[in-house]
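Listing of run17.cif; format and content: mmCIF, C-alpha atoms (C1' of nucleotides).
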data_work
#
loop_
_atom_site.label_atom_id
_atom_site.label_comp_id
_atom_site.auth_asym_id
_atom_site.auth_seq_id
_atom_site.Cartn_x
_atom_site.Cartn_y
_atom_site.Cartn_z
CA MET A 1 -20.14 -28.00 -1.13
CA ALA A 2 -18.42 -29.00 -4.33
CA THR A 3 -14.99 -27.59 -4.96
CA ALA A 4 -16.07 -25.79 -8.12
CA GLU A 5 -18.88 -23.90 -6.41
CA THR A 6 -16.76 -22.75 -3.52
CA ARG A 7 -13.98 -21.63 -5.83
CA ASP A 8 -16.55 -19.74 -7.87
CA ALA A 9 -18.03 -18.00 -4.84
CA LEU A 10 -14.57 -17.00 -3.67
CA ILE A 11 -13.63 -15.59 -7.07
CA GLU A 12 -16.84 -13.58 -7.22
CA GLY A 13 -16.24 -12.38 -3.67
CA ALA A 14 -12.73 -11.32 -4.62
CA ILE A 15 -14.02 -9.40 -7.64
CA ALA A 16 -16.62 -7.59 -5.55
CA THR A 17 -14.06 -6.76 -2.88
CA LEU A 18 -11.49 -5.45 -5.35
CA ARG A 19 -14.18 -3.31 -6.97
CA GLU A 20 -15.65 -1.86 -3.79
CA LYS A 21 -12.75 -1.82 -1.34
CA GLY A 22 -9.67 -1.92 -3.54
CA HIS A 23 -6.60 -4.16 -3.43
CA ALA A 24 -5.43 -2.67 -0.13
CA HIS A 25 -8.49 -3.96 1.70
CA ALA A 26 -8.93 -7.19 -0.21
CA SER A 27 -8.12 -9.39 2.76
CA ALA A 28 -8.87 -13.08 3.14
CA ARG A 29 -11.41 -12.37 5.88
CA GLU A 30 -13.25 -9.72 3.86
CA ILE A 31 -13.44 -11.87 0.73
CA ALA A 32 -14.53 -14.98 2.62
CA ALA A 33 -17.33 -13.04 4.31
CA ARG A 34 -18.70 -12.02 0.90
CA ALA A 35 -18.39 -15.56 -0.38
CA GLY A 36 -20.30 -16.78 2.69
CA CYS A 37 -17.61 -19.18 3.75
CA ASN A 38 -14.57 -19.48 5.95
CA GLN A 39 -11.35 -17.59 5.56
CA ALA A 40 -9.23 -20.74 5.69
CA LEU A 41 -10.82 -22.02 2.48
CA ILE A 42 -8.98 -19.41 0.46
CA PHE A 43 -5.67 -20.98 1.39
CA TYR A 44 -7.02 -24.48 0.85
CA HIS A 45 -8.31 -23.73 -2.65
CA PHE A 46 -5.89 -21.08 -3.89
CA GLY A 47 -2.82 -21.30 -1.67
CA SER A 48 -2.69 -17.57 -0.99
CA VAL A 49 -4.79 -14.43 -1.22
CA GLU A 50 -2.62 -13.16 -4.06
CA ARG A 51 -3.34 -16.21 -6.20
CA LEU A 52 -7.07 -15.81 -5.58
CA LEU A 53 -6.88 -12.18 -6.68
CA LEU A 54 -5.10 -13.24 -9.86
CA ALA A 55 -7.87 -15.77 -10.54
CA ALA A 56 -10.36 -12.93 -10.09
CA LEU A 57 -8.37 -10.82 -12.53
CA ASP A 58 -8.42 -13.68 -15.03
CA ARG A 59 -12.19 -13.86 -14.90
CA VAL A 60 -12.74 -10.11 -15.28
CA ALA A 61 -10.17 -9.75 -18.05
CA GLU A 62 -11.68 -12.58 -20.07
CA SER A 63 -15.22 -11.28 -19.62
CA ARG A 64 -14.21 -7.79 -20.74
CA ARG A 65 -12.18 -9.05 -23.66
CA ALA A 66 -15.22 -10.93 -24.96
CA ARG A 67 -17.37 -7.83 -24.57
CA TYR A 68 -14.88 -5.61 -26.39
CA GLN A 69 -14.55 -8.13 -29.19
CA ALA A 70 -18.30 -8.10 -29.72
CA MET A 71 -18.22 -4.32 -29.75
CA VAL A 72 -15.57 -4.28 -32.46
CA ASP A 73 -17.37 -6.86 -34.58
CA GLU A 74 -20.54 -4.76 -34.57
CA SER A 75 -18.86 -1.58 -35.78
CA ARG A 76 -18.82 -0.87 -39.49
CA SER A 77 -16.86 2.41 -39.43
CA LEU A 78 -14.31 4.17 -37.25
CA LYS A 79 -16.99 6.56 -36.04
CA GLU A 80 -19.18 3.67 -35.01
CA LEU A 81 -16.22 2.08 -33.26
CA VAL A 82 -15.60 5.20 -31.21
CA ARG A 83 -19.26 5.61 -30.30
CA THR A 84 -19.53 2.02 -29.13
CA ALA A 85 -16.30 2.45 -27.18
CA ARG A 86 -17.94 5.36 -25.42
CA ALA A 87 -20.93 3.22 -24.48
CA VAL A 88 -18.71 0.44 -23.19
CA PHE A 89 -16.67 2.94 -21.20
CA GLU A 90 -19.82 4.00 -19.37
CA GLU A 91 -20.80 0.36 -18.90
CA ASP A 92 -17.38 -0.32 -17.34
CA LEU A 93 -17.69 2.64 -15.00
CA ASP A 94 -21.25 1.76 -13.94
CA HIS A 95 -20.40 -1.84 -13.08
CA GLY A 96 -16.84 -1.26 -11.93
CA HIS A 97 -15.47 -3.82 -14.36
CA VAL A 98 -12.30 -1.96 -15.18
CA ALA A 99 -11.91 -0.80 -11.58
CA VAL A 100 -10.85 -4.35 -10.76
CA LEU A 101 -8.20 -4.22 -13.45
CA VAL A 102 -6.98 -0.81 -12.39
CA GLU A 103 -6.63 -1.98 -8.79
CA MET A 104 -4.49 -4.92 -9.83
CA ILE A 105 -2.37 -2.87 -12.24
CA ALA A 106 -1.81 -0.25 -9.58
CA ALA A 107 -0.91 -2.84 -6.97
CA ALA A 108 1.50 -4.49 -9.39
CA GLN A 109 3.40 -1.23 -9.90
CA SER A 110 5.57 -1.83 -6.87
CA ASP A 111 5.15 -5.53 -6.21
CA ASP A 112 7.80 -7.64 -7.88
CA SER A 113 5.89 -10.90 -7.66
CA LEU A 114 2.63 -9.42 -8.95
CA ARG A 115 4.06 -7.35 -11.80
CA PRO A 116 4.83 -10.10 -14.32
CA GLU A 117 1.53 -11.85 -13.62
CA VAL A 118 -0.55 -8.74 -14.23
CA ALA A 119 1.53 -7.73 -17.24
CA GLU A 120 0.90 -11.09 -18.84
CA ARG A 121 -2.85 -10.77 -18.29
CA LEU A 122 -2.94 -7.30 -19.85
CA GLN A 123 -1.05 -8.47 -22.93
CA PRO A 124 -4.12 -9.62 -24.91
CA TRP A 125 -5.63 -6.15 -24.63
CA ARG A 126 -2.95 -4.57 -26.73
CA GLY A 127 -3.25 -7.25 -29.37
CA PHE A 128 -6.99 -6.80 -29.31
CA ALA A 129 -6.79 -3.03 -29.70
CA ALA A 130 -4.31 -3.42 -32.54
CA ASP A 131 -6.66 -5.79 -34.37
CA ALA A 132 -9.53 -3.37 -33.92
CA LEU A 133 -7.54 -0.55 -35.48
CA ARG A 134 -6.07 -2.55 -38.33
CA GLY A 135 -7.99 -1.96 -41.54
CA THR A 136 -9.44 1.20 -40.05
CA PRO A 137 -8.61 4.69 -41.32
CA ALA A 138 -7.00 5.36 -37.92
CA ALA A 139 -4.13 3.12 -38.98
CA ARG A 140 -3.07 5.94 -41.30
CA LEU A 141 -2.12 8.02 -38.29
CA GLY A 142 0.53 5.58 -37.11
CA GLY A 143 1.46 1.92 -36.73
CA PRO A 144 -1.45 -0.05 -35.28
CA ASP A 145 0.71 -1.41 -32.45
CA GLU A 146 1.84 1.98 -31.22
CA LEU A 147 -1.66 3.36 -31.56
CA ALA A 148 -3.08 0.37 -29.67
CA HIS A 149 -0.67 0.95 -26.80
CA GLY A 150 -1.86 4.53 -26.62
CA VAL A 151 -5.50 3.55 -26.70
CA VAL A 152 -5.10 1.12 -23.80
CA ALA A 153 -3.12 3.69 -21.80
CA LEU A 154 -5.71 6.37 -22.47
CA TYR A 155 -8.58 4.10 -21.50
CA LEU A 156 -6.93 3.23 -18.18
CA GLY A 157 -6.03 6.85 -17.52
CA LEU A 158 -9.57 8.04 -18.20
CA GLU A 159 -10.93 5.41 -15.82
CA LEU A 160 -8.47 6.56 -13.16
CA LEU A 161 -9.50 10.20 -13.47
CA ALA A 162 -13.22 9.50 -13.72
CA ASN A 163 -13.15 7.52 -10.48
CA LEU A 164 -10.97 10.09 -8.77
CA ASP A 165 -13.21 13.04 -9.62
CA GLY A 166 -16.48 11.17 -9.53
CA ASP A 167 -17.11 12.86 -12.87
CA ARG A 168 -17.11 11.10 -16.20
CA ALA A 169 -18.19 14.10 -18.25
CA PRO A 170 -14.69 15.15 -19.40
CA ALA A 171 -13.98 11.63 -20.64
CA LEU A 172 -17.29 11.45 -22.49
CA ALA A 173 -16.64 14.83 -24.11
CA LEU A 174 -13.32 13.47 -25.32
CA PHE A 175 -15.04 10.43 -26.84
CA ASP A 176 -17.40 12.80 -28.65
CA ARG A 177 -14.51 14.81 -30.10
CA ALA A 178 -12.86 11.59 -31.21
CA ALA A 179 -16.11 10.55 -32.88
CA SER A 180 -16.19 13.77 -34.91
CA LEU A 181 -12.61 13.26 -35.97
CA ALA A 182 -13.36 9.64 -36.81
CA SER A 183 -16.25 10.50 -39.09
CA LEU A 184 -13.92 12.88 -40.90
CA LEU A 185 -11.41 10.09 -41.43
CA ASP A 186 -14.21 7.76 -42.52
CA LEU A 187 -14.92 10.08 -45.44
CA PHE A 188 -11.61 9.12 -46.99
CA THR A 189 -11.75 5.39 -46.23
CA PRO A 190 -15.35 4.50 -45.47
CA ARG A 191 -14.93 0.72 -45.52
CA ARG A 192 -13.40 -1.43 -42.77
CA LYS A 193 -11.52 -4.68 -43.21
CA SER A 194 -13.07 -7.28 -45.60
CA MET B 1 16.77 18.89 15.71
CA ALA B 2 14.67 21.77 14.47
CA THR B 3 11.10 21.03 13.54
CA ALA B 4 11.59 22.12 9.94
CA GLU B 5 14.48 19.76 9.33
CA THR B 6 12.71 16.75 10.77
CA ARG B 7 9.58 17.48 8.81
CA ASP B 8 11.69 17.79 5.69
CA ALA B 9 13.49 14.51 6.28
CA LEU B 10 10.17 12.76 6.86
CA ILE B 11 8.67 14.16 3.69
CA GLU B 12 11.69 13.07 1.67
CA GLY B 13 11.54 9.67 3.31
CA ALA B 14 7.86 9.40 2.43
CA ILE B 15 8.59 10.31 -1.20
CA ALA B 16 11.34 7.72 -1.46
CA THR B 17 9.15 5.07 0.14
CA LEU B 18 6.17 5.77 -2.12
CA ARG B 19 8.44 5.60 -5.14
CA GLU B 20 10.27 2.40 -4.24
CA LYS B 21 7.77 0.43 -2.17
CA GLY B 22 4.43 1.90 -3.15
CA HIS B 23 1.54 3.17 -1.04
CA ALA B 24 0.77 -0.29 0.33
CA HIS B 25 4.14 -0.51 2.06
CA ALA B 26 4.50 3.13 3.00
CA SER B 27 4.25 2.49 6.73
CA ALA B 28 5.29 4.81 9.53
CA ARG B 29 8.14 2.48 10.47
CA GLU B 30 9.50 2.23 6.94
CA ILE B 31 9.38 5.98 6.34
CA ALA B 32 10.93 6.84 9.71
CA ALA B 33 13.81 4.45 9.04
CA ARG B 34 14.60 6.28 5.81
CA ALA B 35 14.35 9.64 7.52
CA GLY B 36 16.73 8.38 10.20
CA CYS B 37 14.39 9.13 13.05
CA ASN B 38 11.73 7.55 15.21
CA GLN B 39 8.37 6.33 14.04
CA ALA B 40 6.51 8.30 16.71
CA LEU B 41 7.69 11.59 15.21
CA ILE B 42 5.41 11.11 12.22
CA PHE B 43 2.39 11.35 14.50
CA TYR B 44 3.86 14.24 16.42
CA HIS B 45 4.58 16.31 13.30
CA PHE B 46 1.85 15.24 10.91
CA GLY B 47 -0.84 13.61 13.02
CA SER B 48 -1.11 10.51 10.84
CA VAL B 49 0.71 8.62 8.11
CA GLU B 50 -1.92 9.63 5.59
CA ARG B 51 -1.35 13.32 6.21
CA LEU B 52 2.41 12.84 5.80
CA LEU B 53 1.82 11.09 2.49
CA LEU B 54 -0.31 14.01 1.34
CA ALA B 55 2.48 16.41 2.28
CA ALA B 56 4.83 14.28 0.19
CA LEU B 57 2.38 14.43 -2.70
CA ASP B 58 2.23 18.22 -2.35
CA ARG B 59 5.99 18.48 -2.69
CA VAL B 60 6.25 16.19 -5.72
CA ALA B 61 3.29 17.75 -7.49
CA GLU B 62 4.66 21.26 -7.07
CA SER B 63 8.15 20.26 -8.21
CA ARG B 64 6.78 18.56 -11.32
CA ARG B 65 4.43 21.43 -12.11
CA ALA B 66 7.36 23.84 -12.09
CA ARG B 67 9.36 21.54 -14.36
CA TYR B 68 6.51 21.16 -16.82
CA GLN B 69 5.93 24.88 -16.89
CA ALA B 70 9.58 25.45 -17.81
CA MET B 71 9.24 22.86 -20.53
CA VAL B 72 6.25 24.60 -22.04
CA ASP B 73 7.89 28.00 -21.87
CA GLU B 74 10.88 26.74 -23.84
CA SER B 75 8.86 25.30 -26.69
CA ARG B 76 8.22 27.45 -29.74
CA SER B 77 6.12 25.03 -31.76
CA LEU B 78 3.80 22.10 -31.18
CA LYS B 79 6.47 19.73 -32.45
CA GLU B 80 8.98 21.13 -29.97
CA LEU B 81 6.39 20.80 -27.22
CA VAL B 82 5.88 17.13 -27.99
CA ARG B 83 9.60 16.40 -28.18
CA THR B 84 10.25 18.07 -24.83
CA ALA B 85 7.32 16.19 -23.35
CA ARG B 86 9.01 13.00 -24.48
CA ALA B 87 12.24 14.00 -22.72
CA VAL B 88 10.39 14.87 -19.52
CA PHE B 89 8.51 11.58 -19.67
CA GLU B 90 11.83 9.73 -19.64
CA GLU B 91 13.07 11.98 -16.84
CA ASP B 92 9.97 11.14 -14.82
CA LEU B 93 10.42 7.43 -15.38
CA ASP B 94 14.14 7.48 -14.53
CA HIS B 95 13.65 9.32 -11.25
CA GLY B 96 10.27 7.88 -10.38
CA HIS B 97 8.71 11.32 -10.01
CA VAL B 98 5.35 10.42 -11.44
CA ALA B 99 5.42 7.01 -9.76
CA VAL B 100 4.70 8.83 -6.49
CA LEU B 101 1.69 10.50 -8.06
CA VAL B 102 0.42 7.31 -9.59
CA GLU B 103 0.67 5.51 -6.25
CA MET B 104 -1.42 8.17 -4.54
CA ILE B 105 -3.99 8.34 -7.35
CA ALA B 106 -4.31 4.56 -7.33
CA ALA B 107 -4.67 4.44 -3.56
CA ALA B 108 -7.29 7.17 -3.67
CA GLN B 109 -9.46 5.16 -6.09
CA SER B 110 -11.11 3.24 -3.27
CA ASP B 111 -10.36 5.38 -0.22
CA ASP B 112 -13.11 7.87 0.53
CA SER B 113 -10.99 10.10 2.73
CA LEU B 114 -8.04 10.20 0.32
CA ARG B 115 -9.99 10.72 -2.90
CA PRO B 116 -10.97 14.39 -2.52
CA GLU B 117 -7.48 15.31 -1.27
CA VAL B 118 -5.73 13.71 -4.22
CA ALA B 119 -8.27 15.02 -6.70
CA GLU B 120 -7.68 18.55 -5.45
CA ARG B 121 -3.92 18.15 -5.87
CA LEU B 122 -4.26 16.88 -9.42
CA GLN B 123 -6.48 19.77 -10.42
CA PRO B 124 -3.67 22.19 -11.39
CA TRP B 125 -2.35 19.67 -13.90
CA ARG B 126 -5.39 19.92 -16.09
CA GLY B 127 -5.31 23.68 -16.04
CA PHE B 128 -1.64 23.57 -16.83
CA ALA B 129 -2.11 21.21 -19.77
CA ALA B 130 -4.94 23.34 -21.08
CA ASP B 131 -2.74 26.46 -20.97
CA ALA B 132 0.01 24.62 -22.82
CA LEU B 133 -2.35 23.66 -25.62
CA ARG B 134 -4.10 27.01 -25.91
CA GLY B 135 -2.68 29.02 -28.81
CA THR B 136 -1.22 25.84 -30.25
CA PRO B 137 -2.45 24.28 -33.50
CA ALA B 138 -3.57 21.29 -31.44
CA ALA B 139 -6.43 23.42 -30.13
CA ARG B 140 -7.98 23.06 -33.60
CA LEU B 141 -8.61 19.40 -32.92
CA GLY B 142 -10.89 20.07 -29.96
CA GLY B 143 -11.56 22.26 -26.96
CA PRO B 144 -8.37 22.79 -24.93
CA ASP B 145 -10.02 21.58 -21.74
CA GLU B 146 -11.16 18.28 -23.18
CA LEU B 147 -7.84 17.77 -24.88
CA ALA B 148 -5.98 18.59 -21.66
CA HIS B 149 -7.98 16.00 -19.78
CA GLY B 150 -7.00 13.45 -22.38
CA VAL B 151 -3.34 14.41 -22.25
CA VAL B 152 -3.18 13.98 -18.47
CA ALA B 153 -5.02 10.65 -18.66
CA LEU B 154 -2.72 9.43 -21.42
CA TYR B 155 0.40 10.48 -19.53
CA LEU B 156 -0.70 8.61 -16.42
CA GLY B 157 -1.71 5.57 -18.43
CA LEU B 158 1.61 5.45 -20.26
CA GLU B 159 3.46 5.65 -16.95
CA LEU B 160 1.32 2.80 -15.59
CA LEU B 161 2.08 0.56 -18.57
CA ALA B 162 5.76 1.44 -18.77
CA ASN B 163 6.28 0.49 -15.13
CA LEU B 164 4.21 -2.65 -15.50
CA ASP B 165 6.13 -3.95 -18.50
CA GLY B 166 9.50 -2.51 -17.58
CA ASP B 167 9.52 -1.25 -21.16
CA ARG B 168 9.14 2.36 -22.17
CA ALA B 169 9.72 1.79 -25.88
CA PRO B 170 6.05 1.68 -26.92
CA ALA B 171 5.41 4.97 -25.13
CA LEU B 172 8.41 6.62 -26.75
CA ALA B 173 7.34 5.40 -30.18
CA LEU B 174 3.96 7.00 -29.55
CA PHE B 175 5.62 10.31 -28.66
CA ASP B 176 7.54 10.12 -31.93
CA ARG B 177 4.37 9.58 -33.94
CA ALA B 178 2.79 12.52 -32.17
CA ALA B 179 5.81 14.65 -33.04
CA SER B 180 5.42 13.86 -36.74
CA LEU B 181 1.76 14.74 -36.57
CA ALA B 182 2.61 17.91 -34.66
CA SER B 183 5.09 19.12 -37.25
CA LEU B 184 2.38 18.62 -39.85
CA LEU B 185 -0.01 20.79 -37.84
CA ASP B 186 2.75 23.35 -37.33
CA LEU B 187 2.90 23.87 -41.09
CA PHE B 188 -0.52 25.47 -40.99
CA THR B 189 -0.05 27.50 -37.80
CA PRO B 190 3.68 27.82 -37.17
CA ARG B 191 3.48 30.43 -34.40
CA ARG B 192 2.48 29.88 -30.78
CA LYS B 193 0.72 32.33 -28.47
CA SER B 194 2.04 35.92 -28.46
"C1'" DG C 1 11.42 17.49 20.11
"C1'" DT C 2 12.75 12.93 20.35
"C1'" DC C 3 12.97 8.55 22.29
"C1'" DT C 4 11.24 3.81 24.47
"C1'" DA C 5 7.65 0.99 25.57
"C1'" DT C 6 3.39 -0.63 24.89
"C1'" DA C 7 -1.74 -1.16 23.92
"C1'" DC C 8 -4.54 -2.42 20.34
"C1'" DT C 9 -5.90 -4.02 15.67
"C1'" DT C 10 -5.75 -6.46 11.46
"C1'" DG C 11 -4.17 -9.81 8.42
"C1'" DG C 12 -1.69 -14.14 6.40
"C1'" DA C 13 -1.23 -18.64 7.23
"C1'" DT C 14 -1.44 -23.36 9.53
"C1'" DA C 15 -3.06 -27.34 12.67
"C1'" DG C 16 -6.35 -30.25 13.74
"C1'" DA C 17 -11.27 -31.49 14.77
"C1'" DC C 18 -15.30 -32.79 12.29
"C1'" DG D 1 -14.08 -29.89 2.10
"C1'" DT D 2 -15.11 -26.92 5.77
"C1'" DC D 3 -14.78 -25.22 10.24
"C1'" DT D 4 -12.58 -23.43 14.88
"C1'" DA D 5 -8.73 -22.03 17.13
"C1'" DT D 6 -4.51 -20.14 17.17
"C1'" DC D 7 0.23 -18.35 16.09
"C1'" DC D 8 2.85 -14.76 14.40
"C1'" DA D 9 4.07 -10.59 11.91
"C1'" DA D 10 3.28 -5.87 10.93
"C1'" DG D 11 1.01 -1.65 11.51
"C1'" DT D 12 -1.27 2.71 13.87
"C1'" DA D 13 -1.29 5.38 17.57
"C1'" DT D 14 -0.49 6.98 22.38
"C1'" DA D 15 1.78 7.62 27.12
"C1'" DG D 16 5.36 9.03 29.41
"C1'" DA D 17 10.44 9.40 30.32
"C1'" DC D 18 14.23 12.30 28.96
#

For the structure just supplied, provide its representation as structure tokens.
Amino acid sequence: MATAETRDALIEGAIATLREKGHAHASAREIAARAGCNQALIFYHFGSVERLLLAALDRVAESRRARYQAMVDESRSLKELVRTARAVFEEDLDHGHVAVLVEMIAAAQSDDSLRPEVAERLQPWRGFAADALRGTPAARLGGPDELAHGVVALYLGLELLANLDGDRAPALALFDRAASLASLLDLFTPRRKS
Amino acid sequence: MATAETRDALIEGAIATLREKGHAHASAREIAARAGCNQALIFYHFGSVERLLLAALDRVAESRRARYQAMVDESRSLKELVRTARAVFEEDLDHGHVAVLVEMIAAAQSDDSLRPEVAERLQPWRGFAADALRGTPAARLGGPDELAHGVVALYLGLELLANLDGDRAPALALFDRAASLASLLDLFTPRRKS
DNA sequence: GTCTATACTTGGATAGAC
DNA sequence: GTCTATCCAAGTATAGAC
């Protein structure tokens, strides 16, 4: 098989494994089985399991970033932004998109070689969240950068709790409260950036 | 040695290991070395490594709950509550108290046997946060239960990001913004619960 | 209650045939 | 480029001596 196809299958296998089994059980043998190929190929193509997992993280992060960008572009008010965020949150939970990210972030917490790699790949998210808030009435509540940091942290925390409890209702209720608050803020500054 | 002392040493060893090496490297051998005793004793006293880790989680969770309760009791306004929360957040980061919790929550994400145990042990935190907010002007922004869920999620998320980046400044800046907002809310409802 | 010794399992990684 | 075979390290858990 061509190199590109095998690499692709391995990356998809790694994503599926991280999502369903977590970083702790994302072994070379498990991933290779899902990719339908041999365990040794991981080391041939990626050098180590860790580097394959980082490639998987790259793919998920980019795919989600694109999705979030589209979400922001479609929203014409802060309230709309919050409501779409709620929909995307459910989408992420249903498909386990963010679960992959959370697994890698969690694993990086106490792994010195993984930490800088994961941190670098999470960087765009903060910039993205800051852009989304800029020009929005929410920016009146604080600097966009600080607010963006909080939004990312909250999103990750809500994902963590929703998976833990197997119950997304509290998170969704919070989104709804935020939407009410947002529509209030929209009254004073109804228009978003030019 | 007496049973109680060995159990205690093992629990402390488990806490230290979770904090410094994470759940992935919290093995029986590593923990026993820190406790200054033999690996086999873990199975004699706790039955399995997992059950020892849960005992460690119990101890940390209870110790933090007591600390947070004291913090809430000392605060006379929402602004004071936020400022003390900021101080405790730094305390948690410095000593790695919440790191232990985060490790267990993260590990529980994709471990069917761990998930319900960890979820049960996190339960009091939401109730605690809800109590802290009740009677506070923050309750005007939404139901205390929903808000409490958000506060816990945000706290965990901020811890995750601060450890990842090795930089707590963005989190602290966020606390400061929240304090400003809180003092504004205090103007309208200066007094807390009777 | 605590130790040593050991059985058993899983996983990362490499060598070498094809 | 992909496979089989294999080495080696690390981990859980138990048996049995002390």

For this session: With the file shown as input, list the residues that the PyMOL selection byres ((chain C and resi 2) around 8) selects, as number ranges by chain.
Result: B: 38, 41; C: 1, 3

List every residue of chain D that has an atom at most 12 Å from any atom of chain B, giving for each one its closest atom pair and the distance in Å to one decimal, counting all atoms listed in the file, sorted by chain and then by ascending residue number, as CSV.
residue,atom,partner,partner_atom,distance
D:DA10,C1',B:Ser27,CA,9.4
D:DG11,C1',B:Ser27,CA,7.1
D:DT12,C1',B:Ala28,CA,8.1
D:DA13,C1',B:Phe43,CA,7.7
D:DT14,C1',B:Ala40,CA,9.1
D:DA15,C1',B:Ala40,CA,11.5

Compile a residue-level contact table for chain A against chain B at a cut-off of 9 Å, reporting for every qualifying residue the shortest atom pair and its distance in Å to one decimal, with all atoms listed in the file counted, rows ordered by chain and ascending number, as JSON lines.
{"residue": "A:Leu18", "atom": "CA", "partner": "B:Ser110", "partner_atom": "CA", "distance": 8.9}
{"residue": "A:Arg19", "atom": "CA", "partner": "B:Ser110", "partner_atom": "CA", "distance": 8.1}
{"residue": "A:Glu20", "atom": "CA", "partner": "B:Ser110", "partner_atom": "CA", "distance": 6.8}
{"residue": "A:Lys21", "atom": "CA", "partner": "B:Ser110", "partner_atom": "CA", "distance": 5.7}
{"residue": "A:Gly22", "atom": "CA", "partner": "B:Ser110", "partner_atom": "CA", "distance": 5.4}
{"residue": "A:His23", "atom": "CA", "partner": "B:Ser110", "partner_atom": "CA", "distance": 8.7}
{"residue": "A:Ala24", "atom": "CA", "partner": "B:Ala24", "partner_atom": "CA", "distance": 6.7}
{"residue": "A:Ala99", "atom": "CA", "partner": "B:Gln109", "partner_atom": "CA", "distance": 8.5}
{"residue": "A:Val102", "atom": "CA", "partner": "B:Ala106", "partner_atom": "CA", "distance": 7.8}
{"residue": "A:Glu103", "atom": "CA", "partner": "B:Ala106", "partner_atom": "CA", "distance": 7.1}
{"residue": "A:Ile105", "atom": "CA", "partner": "B:Leu164", "partner_atom": "CA", "distance": 7.3}
{"residue": "A:Ala106", "atom": "CA", "partner": "B:Ala106", "partner_atom": "CA", "distance": 5.9}
{"residue": "A:Ala107", "atom": "CA", "partner": "B:Ala24", "partner_atom": "CA", "distance": 7.9}
{"residue": "A:Ala108", "atom": "CA", "partner": "B:Leu164", "partner_atom": "CA", "distance": 6.9}
{"residue": "A:Gln109", "atom": "CA", "partner": "B:Leu164", "partner_atom": "CA", "distance": 5.8}
{"residue": "A:Ser110", "atom": "CA", "partner": "B:Gly22", "partner_atom": "CA", "distance": 5.4}
{"residue": "A:Asp111", "atom": "CA", "partner": "B:Lys21", "partner_atom": "CA", "distance": 7.7}
{"residue": "A:Arg115", "atom": "CA", "partner": "B:Leu164", "partner_atom": "CA", "distance": 6.0}
{"residue": "A:Pro116", "atom": "CA", "partner": "B:Asp165", "partner_atom": "CA", "distance": 7.5}
{"residue": "A:Val118", "atom": "CA", "partner": "B:Leu164", "partner_atom": "CA", "distance": 7.8}
{"residue": "A:Ala119", "atom": "CA", "partner": "B:Leu164", "partner_atom": "CA", "distance": 6.0}
{"residue": "A:Glu120", "atom": "CA", "partner": "B:Asp165", "partner_atom": "CA", "distance": 8.9}
{"residue": "A:Leu141", "atom": "CA", "partner": "B:Leu181", "partner_atom": "CA", "distance": 7.9}
{"residue": "A:Gly142", "atom": "CA", "partner": "B:Arg177", "partner_atom": "CA", "distance": 6.4}
{"residue": "A:Gly143", "atom": "CA", "partner": "B:Arg177", "partner_atom": "CA", "distance": 8.7}
{"residue": "A:Asp145", "atom": "CA", "partner": "B:Pro170", "partner_atom": "CA", "distance": 8.3}
{"residue": "A:Glu146", "atom": "CA", "partner": "B:Leu174", "partner_atom": "CA", "distance": 5.7}
{"residue": "A:Leu147", "atom": "CA", "partner": "B:Leu174", "partner_atom": "CA", "distance": 7.0}
{"residue": "A:His149", "atom": "CA", "partner": "B:Pro170", "partner_atom": "CA", "distance": 6.8}
{"residue": "A:Gly150", "atom": "CA", "partner": "B:Leu174", "partner_atom": "CA", "distance": 7.0}
{"residue": "A:Val151", "atom": "CA", "partner": "B:Leu154", "partner_atom": "CA", "distance": 8.4}
{"residue": "A:Val152", "atom": "CA", "partner": "B:Gly157", "partner_atom": "CA", "distance": 7.8}
{"residue": "A:Ala153", "atom": "CA", "partner": "B:Gly157", "partner_atom": "CA", "distance": 4.1}
{"residue": "A:Leu154", "atom": "CA", "partner": "B:Leu154", "partner_atom": "CA", "distance": 4.4}
{"residue": "A:Tyr155", "atom": "CA", "partner": "B:Gly157", "partner_atom": "CA", "distance": 7.7}
{"residue": "A:Leu156", "atom": "CA", "partner": "B:Gly157", "partner_atom": "CA", "distance": 5.7}
{"residue": "A:Gly157", "atom": "CA", "partner": "B:Ala153", "partner_atom": "CA", "distance": 4.1}
{"residue": "A:Leu158", "atom": "CA", "partner": "B:Ala153", "partner_atom": "CA", "distance": 5.3}
{"residue": "A:Glu159", "atom": "CA", "partner": "B:Ala153", "partner_atom": "CA", "distance": 8.4}
{"residue": "A:Leu160", "atom": "CA", "partner": "B:Gln109", "partner_atom": "CA", "distance": 7.3}
{"residue": "A:Leu161", "atom": "CA", "partner": "B:Ala153", "partner_atom": "CA", "distance": 6.9}
{"residue": "A:Asn163", "atom": "CA", "partner": "B:Gln109", "partner_atom": "CA", "distance": 6.2}
{"residue": "A:Leu164", "atom": "CA", "partner": "B:Gln109", "partner_atom": "CA", "distance": 5.8}
{"residue": "A:Asp165", "atom": "CA", "partner": "B:Ala119", "partner_atom": "CA", "distance": 6.1}
{"residue": "A:Pro170", "atom": "CA", "partner": "B:Glu146", "partner_atom": "CA", "distance": 6.0}
{"residue": "A:Ala171", "atom": "CA", "partner": "B:Gly150", "partner_atom": "CA", "distance": 7.4}
{"residue": "A:Ala173", "atom": "CA", "partner": "B:Glu146", "partner_atom": "CA", "distance": 6.5}
{"residue": "A:Leu174", "atom": "CA", "partner": "B:Glu146", "partner_atom": "CA", "distance": 5.7}
{"residue": "A:Arg177", "atom": "CA", "partner": "B:Gly142", "partner_atom": "CA", "distance": 6.4}
{"residue": "A:Ala178", "atom": "CA", "partner": "B:Gly142", "partner_atom": "CA", "distance": 8.8}
{"residue": "A:Leu181", "atom": "CA", "partner": "B:Leu141", "partner_atom": "CA", "distance": 7.9}
